[in-house]
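One file, final-v7.tsv, carrying TSV, C-alpha atoms and all ligand atoms:
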```tsv
chain	number	residue	atom	x	y	z
A	1	MET	CA	19.66	25.28	15.95
A	2	ASP	CA	16.12	25.59	17.32
A	3	ALA	CA	16.78	29.14	18.46
A	4	ARG	CA	18.19	30.12	15.05
A	5	ILE	CA	15.27	28.58	13.17
A	6	ALA	CA	12.78	30.30	15.49
A	7	ALA	CA	14.55	33.65	15.09
A	8	ALA	CA	14.61	33.45	11.27
A	9	ARG	CA	10.99	32.33	11.27
A	10	ARG	CA	10.01	35.35	13.42
A	11	THR	CA	11.86	37.78	11.17
A	12	LEU	CA	10.19	36.43	8.04
A	13	GLY	CA	6.72	36.62	9.63
A	14	SER	CA	3.82	36.24	7.20
A	15	ARG	CA	6.19	36.27	4.20
A	16	VAL	CA	6.86	32.57	4.77
A	17	THR	CA	4.70	29.48	5.28
A	18	ILE	CA	6.37	26.28	6.43
A	19	LEU	CA	4.55	23.12	5.39
A	20	GLY	CA	5.39	19.80	7.05
A	21	HIS	CA	4.45	16.32	5.87
A	22	HIS	CA	3.58	13.87	8.66
A	23	TYR	CA	6.72	11.78	7.98
A	24	GLN	CA	9.05	14.62	8.94
A	25	ARG	CA	11.16	14.25	12.04
A	26	ASP	CA	9.99	15.89	15.29
A	27	GLU	CA	12.88	18.37	15.21
A	28	VAL	CA	11.60	19.69	11.87
A	29	ILE	CA	7.83	19.30	12.02
A	30	ARG	CA	7.63	21.35	15.21
A	31	PHE	CA	8.34	24.42	13.06
A	32	ALA	CA	5.59	23.71	10.50
A	33	ASP	CA	2.70	26.17	10.25
A	34	VAL	CA	0.60	23.44	8.71
A	35	THR	CA	1.05	19.68	8.85
A	36	GLY	CA	-0.78	17.19	6.68
A	37	ASP	CA	-0.91	14.42	4.11
A	38	SER	CA	-0.04	15.25	0.52
A	39	PHE	CA	-3.62	16.21	-0.35
A	40	LYS	CA	-4.04	18.59	2.59
A	41	LEU	CA	-0.67	20.23	1.94
A	42	ALA	CA	-1.36	20.62	-1.80
A	43	LYS	CA	-4.72	22.19	-1.00
A	44	PHE	CA	-3.15	24.50	1.54
A	45	SER	CA	-0.37	25.61	-0.79
A	46	SER	CA	-2.97	26.47	-3.45
A	47	LYS	CA	-4.54	28.91	-0.94
A	48	SER	CA	-1.44	30.31	0.78
A	49	SER	CA	-0.60	33.97	0.19
A	50	ALA	CA	2.96	33.87	1.61
A	51	ASP	CA	5.84	34.94	-0.65
A	52	TYR	CA	7.79	31.81	0.24
A	53	ILE	CA	6.50	28.29	0.79
A	54	VAL	CA	9.15	26.20	2.54
A	55	PHE	CA	8.18	22.59	1.97
A	56	CYS	CA	9.42	20.12	4.57
A	57	GLY	CA	8.55	17.05	2.56
A	58	VAL	CA	9.84	15.51	-0.67
A	59	HIS	CA	10.50	16.78	-4.18
A	60	PHE	CA	7.20	15.81	-5.84
A	61	MET	CA	5.28	17.62	-3.08
A	62	ALA	CA	7.31	20.80	-3.59
A	63	GLU	CA	6.81	20.56	-7.36
A	64	SER	CA	3.05	20.26	-6.89
A	65	ALA	CA	3.09	23.27	-4.57
A	66	ASP	CA	4.92	25.26	-7.27
A	67	VAL	CA	2.39	24.22	-9.91
A	68	LEU	CA	-0.47	25.36	-7.64
A	69	ALA	CA	1.26	28.52	-6.38
A	70	GLN	CA	0.67	32.10	-7.59
A	71	PRO	CA	3.30	33.40	-10.07
A	72	ASN	CA	4.92	35.61	-7.41
A	73	GLN	CA	5.32	32.79	-4.87
A	74	LYS	CA	8.50	30.77	-4.49
A	75	VAL	CA	8.65	27.19	-3.27
A	76	ILE	CA	11.72	25.96	-1.41
A	77	LEU	CA	12.79	22.40	-0.60
A	78	PRO	CA	15.38	22.63	2.20
A	79	ASP	CA	17.41	19.66	0.86
A	80	LEU	CA	17.29	18.86	-2.86
A	81	ASN	CA	18.19	15.24	-2.08
A	82	ALA	CA	14.75	14.70	-0.57
A	83	GLY	CA	13.25	12.73	-3.44
A	84	CYS	CA	10.91	9.73	-3.49
A	85	SER	CA	12.10	6.34	-4.72
A	86	MET	CA	8.59	5.45	-5.87
A	87	ALA	CA	8.28	8.62	-7.95
A	88	ASP	CA	11.62	7.70	-9.56
A	89	MET	CA	10.13	4.40	-10.77
A	90	ALA	CA	8.24	6.11	-13.60
A	91	GLU	CA	10.11	8.34	-16.03
A	92	ILE	CA	8.26	10.43	-18.56
A	93	GLY	CA	10.02	8.73	-21.51
A	94	GLN	CA	8.88	5.32	-20.28
A	95	VAL	CA	5.31	6.56	-19.82
A	96	GLU	CA	5.26	8.03	-23.35
A	97	GLU	CA	6.53	4.72	-24.71
A	98	CYS	CA	3.84	2.79	-22.82
A	99	TRP	CA	1.19	5.17	-24.19
A	100	LYS	CA	2.46	4.69	-27.75
A	101	GLN	CA	1.98	0.95	-27.36
A	102	MET	CA	-1.56	1.46	-26.05
A	103	VAL	CA	-2.32	3.58	-29.13
A	104	ARG	CA	-0.76	0.96	-31.41
A	105	LEU	CA	-2.94	-1.74	-29.84
A	106	GLY	CA	-6.04	0.41	-30.38
A	107	ILE	CA	-6.73	0.61	-26.62
A	108	THR	CA	-6.80	4.40	-26.79
A	109	ASN	CA	-6.25	7.19	-29.25
A	110	GLU	CA	-3.50	9.76	-28.73
A	111	MET	CA	-5.77	12.07	-26.71
A	112	GLY	CA	-6.97	9.45	-24.26
A	113	GLU	CA	-10.29	8.40	-25.74
A	114	GLY	CA	-10.27	4.81	-24.54
A	115	LEU	CA	-7.91	4.97	-21.55
A	116	THR	CA	-7.68	7.53	-18.72
A	117	PRO	CA	-4.17	8.10	-17.33
A	118	LEU	CA	-4.29	8.64	-13.57
A	119	THR	CA	-1.15	9.37	-11.58
A	120	TYR	CA	-0.56	9.23	-7.85
A	121	MET	CA	0.72	12.51	-6.45
A	122	ASN	CA	4.06	10.69	-5.91
A	123	SER	CA	5.24	11.32	-9.47
A	124	THR	CA	7.15	13.99	-11.38
A	125	ALA	CA	5.45	17.13	-12.64
A	126	ALA	CA	6.12	15.88	-16.20
A	127	ILE	CA	3.98	12.80	-15.56
A	128	LYS	CA	1.24	14.90	-13.99
A	129	ALA	CA	1.35	17.08	-17.11
A	130	PHE	CA	1.14	13.98	-19.32
A	131	CYS	CA	-2.02	12.92	-17.48
A	132	GLY	CA	-3.53	16.41	-17.75
A	133	GLU	CA	-2.84	16.61	-21.48
A	134	HIS	CA	-4.29	13.15	-22.16
A	135	GLY	CA	-7.60	13.65	-20.38
A	136	GLY	CA	-6.47	12.34	-16.99
A	137	LEU	CA	-5.79	13.55	-13.49
A	138	VAL	CA	-3.81	13.20	-10.25
A	139	CYS	CA	-4.88	11.57	-7.00
A	140	THR	CA	-3.48	11.09	-3.52
A	141	SER	CA	-4.05	8.30	-1.04
A	142	SER	CA	-6.97	10.28	0.39
A	143	ASN	CA	-8.98	10.63	-2.81
A	144	ALA	CA	-7.94	7.70	-5.05
A	145	PRO	CA	-11.45	6.11	-5.12
A	146	GLY	CA	-13.00	9.46	-6.11
A	147	ALA	CA	-10.37	9.84	-8.83
A	148	PHE	CA	-11.12	6.31	-10.09
A	149	ASP	CA	-14.82	7.28	-10.32
A	150	TRP	CA	-13.80	10.38	-12.28
A	151	ALA	CA	-11.63	8.33	-14.64
A	152	PHE	CA	-14.26	5.61	-15.20
A	153	ALA	CA	-16.91	8.22	-15.96
A	154	ARG	CA	-14.81	9.08	-19.07
A	155	ASN	CA	-13.41	5.73	-20.17
A	156	ALA	CA	-13.93	2.07	-19.34
A	157	LYS	CA	-10.18	1.61	-18.69
A	158	LEU	CA	-7.50	3.41	-16.74
A	159	LEU	CA	-3.71	3.46	-16.52
A	160	PHE	CA	-2.54	3.98	-12.93
A	161	LEU	CA	0.94	5.41	-12.26
A	162	PRO	CA	3.33	4.74	-10.53
A	163	ASP	CA	2.21	2.81	-7.40
A	164	GLN	CA	0.78	-0.58	-8.33
A	165	HIS	CA	-0.32	-1.13	-4.72
A	166	LEU	CA	-2.44	1.98	-4.26
A	167	GLY	CA	-3.92	1.27	-7.71
A	168	ARG	CA	-4.62	-2.39	-6.95
A	169	ASN	CA	-6.06	-1.72	-3.48
A	170	THR	CA	-8.36	0.99	-4.81
A	171	ALA	CA	-9.56	-1.07	-7.77
A	172	HIS	CA	-10.03	-4.16	-5.58
A	173	ASN	CA	-12.06	-2.20	-3.03
A	174	MET	CA	-14.28	-1.02	-5.89
A	175	GLY	CA	-15.01	-4.64	-6.75
A	176	ILE	CA	-12.76	-4.96	-9.81
A	177	PRO	CA	-11.40	-8.53	-9.87
A	178	LEU	CA	-7.65	-9.10	-10.03
A	179	SER	CA	-8.16	-10.88	-13.36
A	180	GLU	CA	-9.15	-7.49	-14.84
A	181	MET	CA	-5.92	-5.82	-13.73
A	182	ALA	CA	-2.61	-6.01	-15.57
A	183	VAL	CA	0.82	-4.83	-14.39
A	184	TRP	CA	2.93	-2.78	-16.81
A	185	ASP	CA	6.65	-3.37	-16.29
A	186	PRO	CA	8.51	-0.59	-18.14
A	187	PHE	CA	11.57	-2.84	-18.53
A	188	GLN	CA	9.73	-5.58	-20.45
A	189	ILE	CA	8.47	-5.72	-24.02
A	190	MET	CA	4.80	-4.71	-24.06
A	191	GLY	CA	5.14	-4.18	-20.29
A	192	GLY	CA	5.43	-7.96	-19.88
A	193	ASN	CA	1.88	-8.55	-21.19
A	194	THR	CA	0.16	-10.05	-24.18
A	195	PRO	CA	-2.06	-7.74	-26.25
A	196	GLU	CA	-5.10	-9.78	-25.09
A	197	ARG	CA	-4.25	-9.24	-21.42
A	198	LEU	CA	-3.95	-5.49	-21.96
A	199	ARG	CA	-7.18	-5.36	-23.97
A	200	LYS	CA	-9.05	-7.28	-21.26
A	201	ALA	CA	-7.69	-5.24	-18.34
A	202	LYS	CA	-9.92	-2.57	-16.87
A	203	VAL	CA	-6.99	-1.24	-14.83
A	204	ILE	CA	-3.36	-1.20	-16.00
A	205	LEU	CA	-1.01	-0.76	-13.03
A	206	TRP	CA	2.48	0.69	-13.43
A	207	LYS	CA	5.09	-1.52	-11.75
A	208	GLY	CA	6.18	0.86	-9.01
A	209	HIS	CA	6.12	0.59	-5.23
A	210	CYS	CA	7.16	2.24	-1.99
A	211	SER	CA	9.99	0.33	-0.29
A	212	VAL	CA	8.92	1.64	3.12
A	213	HIS	CA	5.39	0.23	2.86
A	214	GLN	CA	6.45	-3.01	1.15
A	215	ARG	CA	8.13	-4.08	4.38
A	216	PHE	CA	4.77	-4.68	6.04
A	217	LEU	CA	3.68	-8.31	5.57
A	218	PRO	CA	0.45	-10.21	6.33
A	219	GLU	CA	2.20	-12.20	9.07
A	220	HIS	CA	2.93	-8.96	10.92
A	221	VAL	CA	-0.83	-8.48	11.23
A	222	ASP	CA	-1.27	-12.01	12.61
A	223	ASN	CA	1.64	-11.62	15.02
A	224	VAL	CA	0.51	-8.31	16.47
A	225	ARG	CA	-3.06	-9.56	16.91
A	226	ALA	CA	-1.79	-12.66	18.73
A	227	LYS	CA	0.40	-10.53	21.00
A	228	TYR	CA	-2.16	-7.78	21.77
A	229	PRO	CA	-5.73	-9.15	21.65
A	230	GLY	CA	-8.22	-6.46	20.56
A	231	ILE	CA	-5.58	-4.32	18.84
A	232	LYS	CA	-6.71	-2.51	15.67
A	233	VAL	CA	-4.48	-2.66	12.61
A	234	VAL	CA	-4.53	0.44	10.41
A	235	VAL	CA	-2.38	0.77	7.31
A	236	HIS	CA	-1.51	3.12	4.48
A	237	PRO	CA	-2.88	2.04	1.05
A	238	GLU	CA	0.69	1.85	-0.33
A	239	CYS	CA	0.91	-1.47	1.56
A	240	ARG	CA	0.38	-4.67	-0.43
A	241	LEU	CA	-3.15	-6.00	-0.94
A	242	GLU	CA	-2.60	-8.99	1.39
A	243	VAL	CA	-1.82	-6.58	4.25
A	244	CYS	CA	-4.69	-4.21	3.43
A	245	GLU	CA	-7.13	-7.11	3.30
A	246	LYS	CA	-6.23	-8.14	6.84
A	247	ALA	CA	-6.25	-4.59	8.24
A	248	ASP	CA	-9.16	-3.09	10.19
A	249	ASP	CA	-8.90	0.17	8.30
A	250	ILE	CA	-6.88	1.85	5.55
A	251	GLY	CA	-6.09	5.51	5.07
A	252	SER	CA	-3.80	8.34	4.10
A	253	THR	CA	-1.48	9.62	6.82
A	254	GLU	CA	-4.02	12.28	7.79
A	255	ARG	CA	-6.83	9.73	7.99
A	256	LEU	CA	-4.74	7.30	10.07
A	257	ILE	CA	-4.28	10.12	12.59
A	258	GLN	CA	-8.03	10.86	12.56
A	259	ILE	CA	-8.90	7.20	13.16
A	260	ILE	CA	-6.60	7.01	16.20
A	261	SER	CA	-7.74	10.36	17.47
A	262	ALA	CA	-11.43	9.36	17.32
A	263	ALA	CA	-10.88	6.05	19.16
A	264	PRO	CA	-11.88	5.74	22.84
A	265	ARG	CA	-9.35	5.83	25.72
A	266	GLY	CA	-7.48	2.60	26.12
A	267	ALA	CA	-7.59	1.72	22.39
A	268	LYS	CA	-4.58	-0.06	20.91
A	269	PHE	CA	-3.29	0.41	17.36
A	270	ALA	CA	-0.62	-1.18	15.20
A	271	VAL	CA	0.10	1.17	12.32
A	272	GLY	CA	1.55	0.24	8.93
A	273	THR	CA	3.29	3.40	7.82
A	274	GLU	CA	6.53	5.38	8.20
A	275	ILE	CA	8.16	5.16	11.62
A	276	HIS	CA	8.49	8.86	12.47
A	277	LEU	CA	4.74	9.32	12.24
A	278	VAL	CA	4.06	6.13	14.20
A	279	ASN	CA	6.46	7.08	16.99
A	280	ARG	CA	4.98	10.57	17.22
A	281	LEU	CA	1.46	9.14	17.48
A	282	GLY	CA	2.68	6.77	20.20
A	283	LYS	CA	3.98	9.72	22.23
A	284	ASP	CA	1.05	12.08	21.52
A	285	PHE	CA	-1.70	9.58	22.34
A	286	ALA	CA	-0.07	8.08	25.45
A	287	LYS	CA	-1.71	10.89	27.44
A	288	ASP	CA	-5.13	9.53	26.34
A	289	ASP	CA	-4.10	6.08	27.46
A	290	LYS	CA	-3.95	4.85	23.83
A	291	MET	CA	-1.20	2.54	22.66
A	292	VAL	CA	0.21	3.13	19.16
A	293	ILE	CA	2.98	0.85	17.86
A	294	THR	CA	4.47	0.01	14.48
A	295	LEU	CA	3.04	-3.00	12.68
A	296	ASP	CA	6.53	-4.24	11.83
A	297	ASP	CA	8.99	-4.48	14.75
A	298	SER	CA	11.85	-3.06	12.74
A	299	GLY	CA	9.80	0.03	11.71
A	300	CYS	CA	11.18	1.43	8.48
A	301	LEU	CA	11.95	5.08	7.93
A	302	CYS	CA	11.60	7.00	4.70
A	303	THR	CA	15.23	7.94	4.16
A	304	THR	CA	14.38	10.72	1.73
A	305	MET	CA	11.87	12.40	4.05
A	306	PHE	CA	14.61	12.15	6.68
A	307	ARG	CA	16.91	14.24	4.50
A	308	ILE	CA	15.19	17.38	5.70
A	309	SER	CA	17.15	18.22	8.83
A	310	PRO	CA	16.92	21.19	11.20
A	311	GLN	CA	20.24	22.35	9.72
A	312	HIS	CA	18.79	22.45	6.19
A	313	LEU	CA	15.66	24.22	7.40
A	314	CYS	CA	17.77	26.76	9.27
A	315	TRP	CA	20.00	27.35	6.23
A	316	ALA	CA	16.99	27.89	3.94
A	317	LEU	CA	15.27	30.30	6.34
A	318	GLU	CA	18.39	32.32	7.20
A	319	ASN	CA	19.10	32.74	3.50
A	320	LEU	CA	15.58	34.06	2.98
A	321	VAL	CA	16.16	36.57	5.76
A	322	GLU	CA	19.21	37.77	3.80
A	323	GLY	CA	17.19	37.94	0.58
A	324	ASN	CA	18.63	34.77	-1.02
A	325	VAL	CA	16.26	32.13	-2.30
A	326	VAL	CA	18.06	28.79	-2.07
A	327	ASN	CA	16.85	25.40	-3.35
A	328	ARG	CA	13.93	26.86	-5.24
A	329	ILE	CA	11.73	24.27	-6.95
A	330	LYS	CA	10.52	25.67	-10.22
A	331	VAL	CA	8.52	23.65	-12.71
A	332	ALA	CA	8.96	24.69	-16.36
A	333	ASP	CA	6.03	26.74	-17.69
A	334	ASP	CA	5.05	24.30	-20.46
A	335	VAL	CA	4.91	21.42	-17.95
A	336	LYS	CA	3.13	23.61	-15.40
A	337	HIS	CA	0.11	24.25	-17.57
A	338	TRP	CA	-0.98	20.62	-18.02
A	339	ALA	CA	0.18	19.56	-14.55
A	340	ARG	CA	-2.10	22.28	-13.19
A	341	VAL	CA	-5.00	20.92	-15.25
A	342	ALA	CA	-4.43	17.44	-13.76
A	343	LEU	CA	-4.09	18.81	-10.20
A	344	ASP	CA	-7.17	21.03	-10.55
A	345	ARG	CA	-9.17	17.99	-11.63
A	346	MET	CA	-7.98	16.23	-8.48
A	347	LEU	CA	-8.98	19.17	-6.29
A	348	GLU	CA	-12.50	18.93	-7.73
A	349	VAL	CA	-12.83	15.21	-6.96
A	350	LYS	CA	-15.21	14.54	-4.09
A	351	THR	CA	-13.34	13.05	-1.13
A	352	ASP	CA	-16.48	11.45	0.33
A	353	ALA	CA	-16.17	8.79	-2.38
A	354	SER	CA	-12.73	7.96	-0.95
A	355	GLN	CA	-14.09	7.53	2.55
A	356	ARG	CA	-16.93	5.35	1.21
A	357	VAL	CA	-14.63	2.91	-0.52
A	358	PHE	CA	-11.73	2.74	1.94
A	359	ALA	CA	-14.17	2.38	4.85
A	360	LYS	CA	-15.12	-1.00	3.35
A	361	ALA	CA	-11.82	-2.36	4.56
A	362	ALA	CA	-13.14	-2.36	8.09
A	363	SER	CA	-15.80	-4.91	7.22
A	364	GLY	CA	-13.55	-7.13	5.09
A	365	LEU	CA	-12.99	-7.18	1.36
A	366	GLU	CA	-14.53	-9.43	-1.20
A	367	ASP	CA	-12.90	-10.30	-4.48
A	401	LIG	P1	-0.03	10.70	2.26
A	401	LIG	O1	-0.62	11.52	1.17
A	401	LIG	O2	-0.99	9.71	2.83
A	401	LIG	O3	0.54	11.57	3.33
A	401	LIG	O4	1.14	9.81	1.67
A	401	LIG	C1	2.28	10.34	1.08
A	401	LIG	C2	3.34	9.36	1.01
A	401	LIG	O5	4.35	9.56	0.38
A	401	LIG	C3	3.14	8.09	1.67
A	401	LIG	O6	4.25	7.29	1.49
A	402	LIG	FE1	8.07	7.99	-1.41
A	402	LIG	FE2	7.61	5.84	0.12
A	402	LIG	FE3	8.93	7.92	1.13
A	402	LIG	FE4	6.31	8.09	0.64
A	402	LIG	S1	7.31	6.77	2.15
A	402	LIG	S2	7.86	9.64	0.14
A	402	LIG	S3	6.17	6.85	-1.23
A	402	LIG	S4	9.61	6.58	-0.57
```
Kindly return the structure encoded in the file as structure tokens.
Amino acid sequence: MDARIAAARRTLGSRVTILGHHYQRDEVIRFADVTGDSFKLAKFSSKSSADYIVFCGVHFMAESADVLAQPNQKVILPDLNAGCSMADMAEIGQVEECWKQMVRLGITNEMGEGLTPLTYMNSTAAIKAFCGEHGGLVCTSSNAPGAFDWAFARNAKLLFLPDQHLGRNTAHNMGIPLSEMAVWDPFQIMGGNTPERLRKAKVILWKGHCSVHQRFLPEHVDNVRAKYPGIKVVVHPECRLEVCEKADDIGSTERLIQIISAAPRGAKFAVGTEIHLVNRLGKDFAKDDKMVITLDDSGCLCTTMFRISPQHLCWALENLVEGNVVNRIKVADDVKHWARVALDRMLEVKTDASQRVFAKAASGLED
């Protein structure tokens, strides 16, 4: 399989770019031209000049690459089953219904004067487009604080989709008390809130989560510290607040790698994120005498990231060699326009604001 992938890759030359998210398996990511977190990969795909962008990641990442791509470029997702359960927790119809209720309550007008919609990258292109059209934007885990600054510069309130945890962690780190946050449950009348609660909230959090990151619990932090004195705990901001509060640092997948990379020889880390990345870091940094282990003993994998297998990558590349584009991800033109607006706003957000706020975690959070 490796030999076939390498041969197809060689034949395609500069016509193809293979992008690999950090959660991909070793057998797949070794073929990536560029690896990164969702922000880095989105930025790279907006600059790539290859005819084909083969995205070894999940559906929302490939959609974003298509929105940012040139009209002649084609984006391919080797297995169409590689979705994201968190992204599936917000459907455009539900978001439109929520917005209608906000308008009815006088919290915002139709165009977003009153409330800025801000969506995590882990959402459908339709939701990104909704945010773009209503004066909002997209963020990733590496620039959420900067995106919050952007949103608050326009309105005193924001609606954060679909990950309540990234939204809560970011708002909390900015000093917004939990009493000024409300959770919108799309399966409840008025999202499960009273009108007063919604009017008082500075941040309205969509009730979505990542099942992989919800497995990490505060007691895992206590246990690992008791077992390995001096160990640093670093976690992804999709983890719950109680875990993030106890951690030494928080960051996107790319930033977690940077933190470990910058640490001195002999450093020990327990990492709260997807197991393929953690295991790879364990192997890669063993040569520098650093220990990297998962925060939770049972280390959860992202089953949808895992869908991308060497066989699927091989099949996609060999088809390209034969002139067939398989599994193309193509966002409809009307959706593309506003999704692009929302993504462009994200690309303009300063990432130093993100570092400023998430770095606070290292010195402890105050409510
Ligand atoms: P990153 O942008 O940090 O890579 O996160 C993407 C993701 O899906 C994490 O679960
Ligand atoms: Fe989605 Fe969670 Fe997988 Fe990330 S780890 S792609 S948020 S299911």
Selection near Asn72 in chain A, 10 Å with all atoms listed in the file, sequence-local residues under 5 positions removed, as a list in words: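 Here the answer would be Ser49, Ala50, Asp51 and Tyr52 of chain A.
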Among listed residues A:Arg225, A:Lys128, A:Lys283, A:Arg307, nearest ligand LIG 402 (chain A) (using only C-alpha atoms and all ligand atoms):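 For ligand LIG 402 (chain A), the nearest of the given residues is A:Arg307.
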Put a box with edges along x, y and z around all the listed atoms of ligand LIG 402 (chain A), pad it by 4 Å on each side, then give me its centre and sizes in Å, one decimal, as AutoDock Vina command-line options.
```
--center_x 7.9 --center_y 7.7 --center_z 0.4 --size_x 11.4 --size_y 11.8 --size_z 11.6
```
Selection near range 28-41 of chain A, 7 Å with only C-alpha atoms, sequence-local residues under 4 positions removed, as an NGL selection string: :A and (17-22 or 24 or 45 or 61 or 140 or 142 or 252-254 or 309-310)
Length of the CA of His165 in chain A to CA of Arg197 in chain A vector [Å]: 19.0 Å
Test item: residues at most 12 Å from Gly230 in chain A, all atoms listed in the file, excluding those fewer than 3 positions along its chain, as a list in words: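 In the requested format, the answer is Asp222, Val224, Arg225, Ala226, Lys227, Val233, Asp248, Gly266, Ala267, Lys268, Phe269, Ala270 and Met291 of chain A.
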Residue nearest Met86 in chain A - candidates A:Val54, A:Leu161, A:Val243, A:Leu68, atoms counted: all atoms listed in the file: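 Of A:Val54, A:Leu161, A:Val243, A:Leu68, the one nearest Met86 in chain A, counting all atoms listed in the file, is A:Leu161.
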Distance in Å - CA of Met1 in chain A versus CA of Val321 in chain A: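 Taking CA of Met1 in chain A as the start and CA of Val321 in chain A as the end point, the length is 15.6 Å.
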Nearby residues, ligand LIG 402 (chain A), 8 Å, all atoms listed in the file, as a list of chain:residue names: A:Tyr23, A:Gly57, A:Val58, A:Gly83, A:Cys84, A:Ser85, A:Met86, A:Ala87, A:Asn122, A:His209, A:Cys210, A:Ser211, A:Val212, A:His213, A:Glu238, A:Thr273, A:Glu274, A:Leu301, A:Cys302, A:Thr303, A:Thr304, A:Met305
Among the residues A:Gly146, A:Gly106, A:Gly191, A:Pro162, the one that comes closest to Cys131 in chain A [using all atoms listed in the file]: A:Pro162
Best match for closeness to ligand LIG 401 (chain A) among A:Gln73, A:Gln214, A:Gln94, A:Thr11, counting only C-alpha atoms and all ligand atoms: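 Ranked by minimum distance to ligand LIG 401 (chain A), first place goes to A:Gln214.
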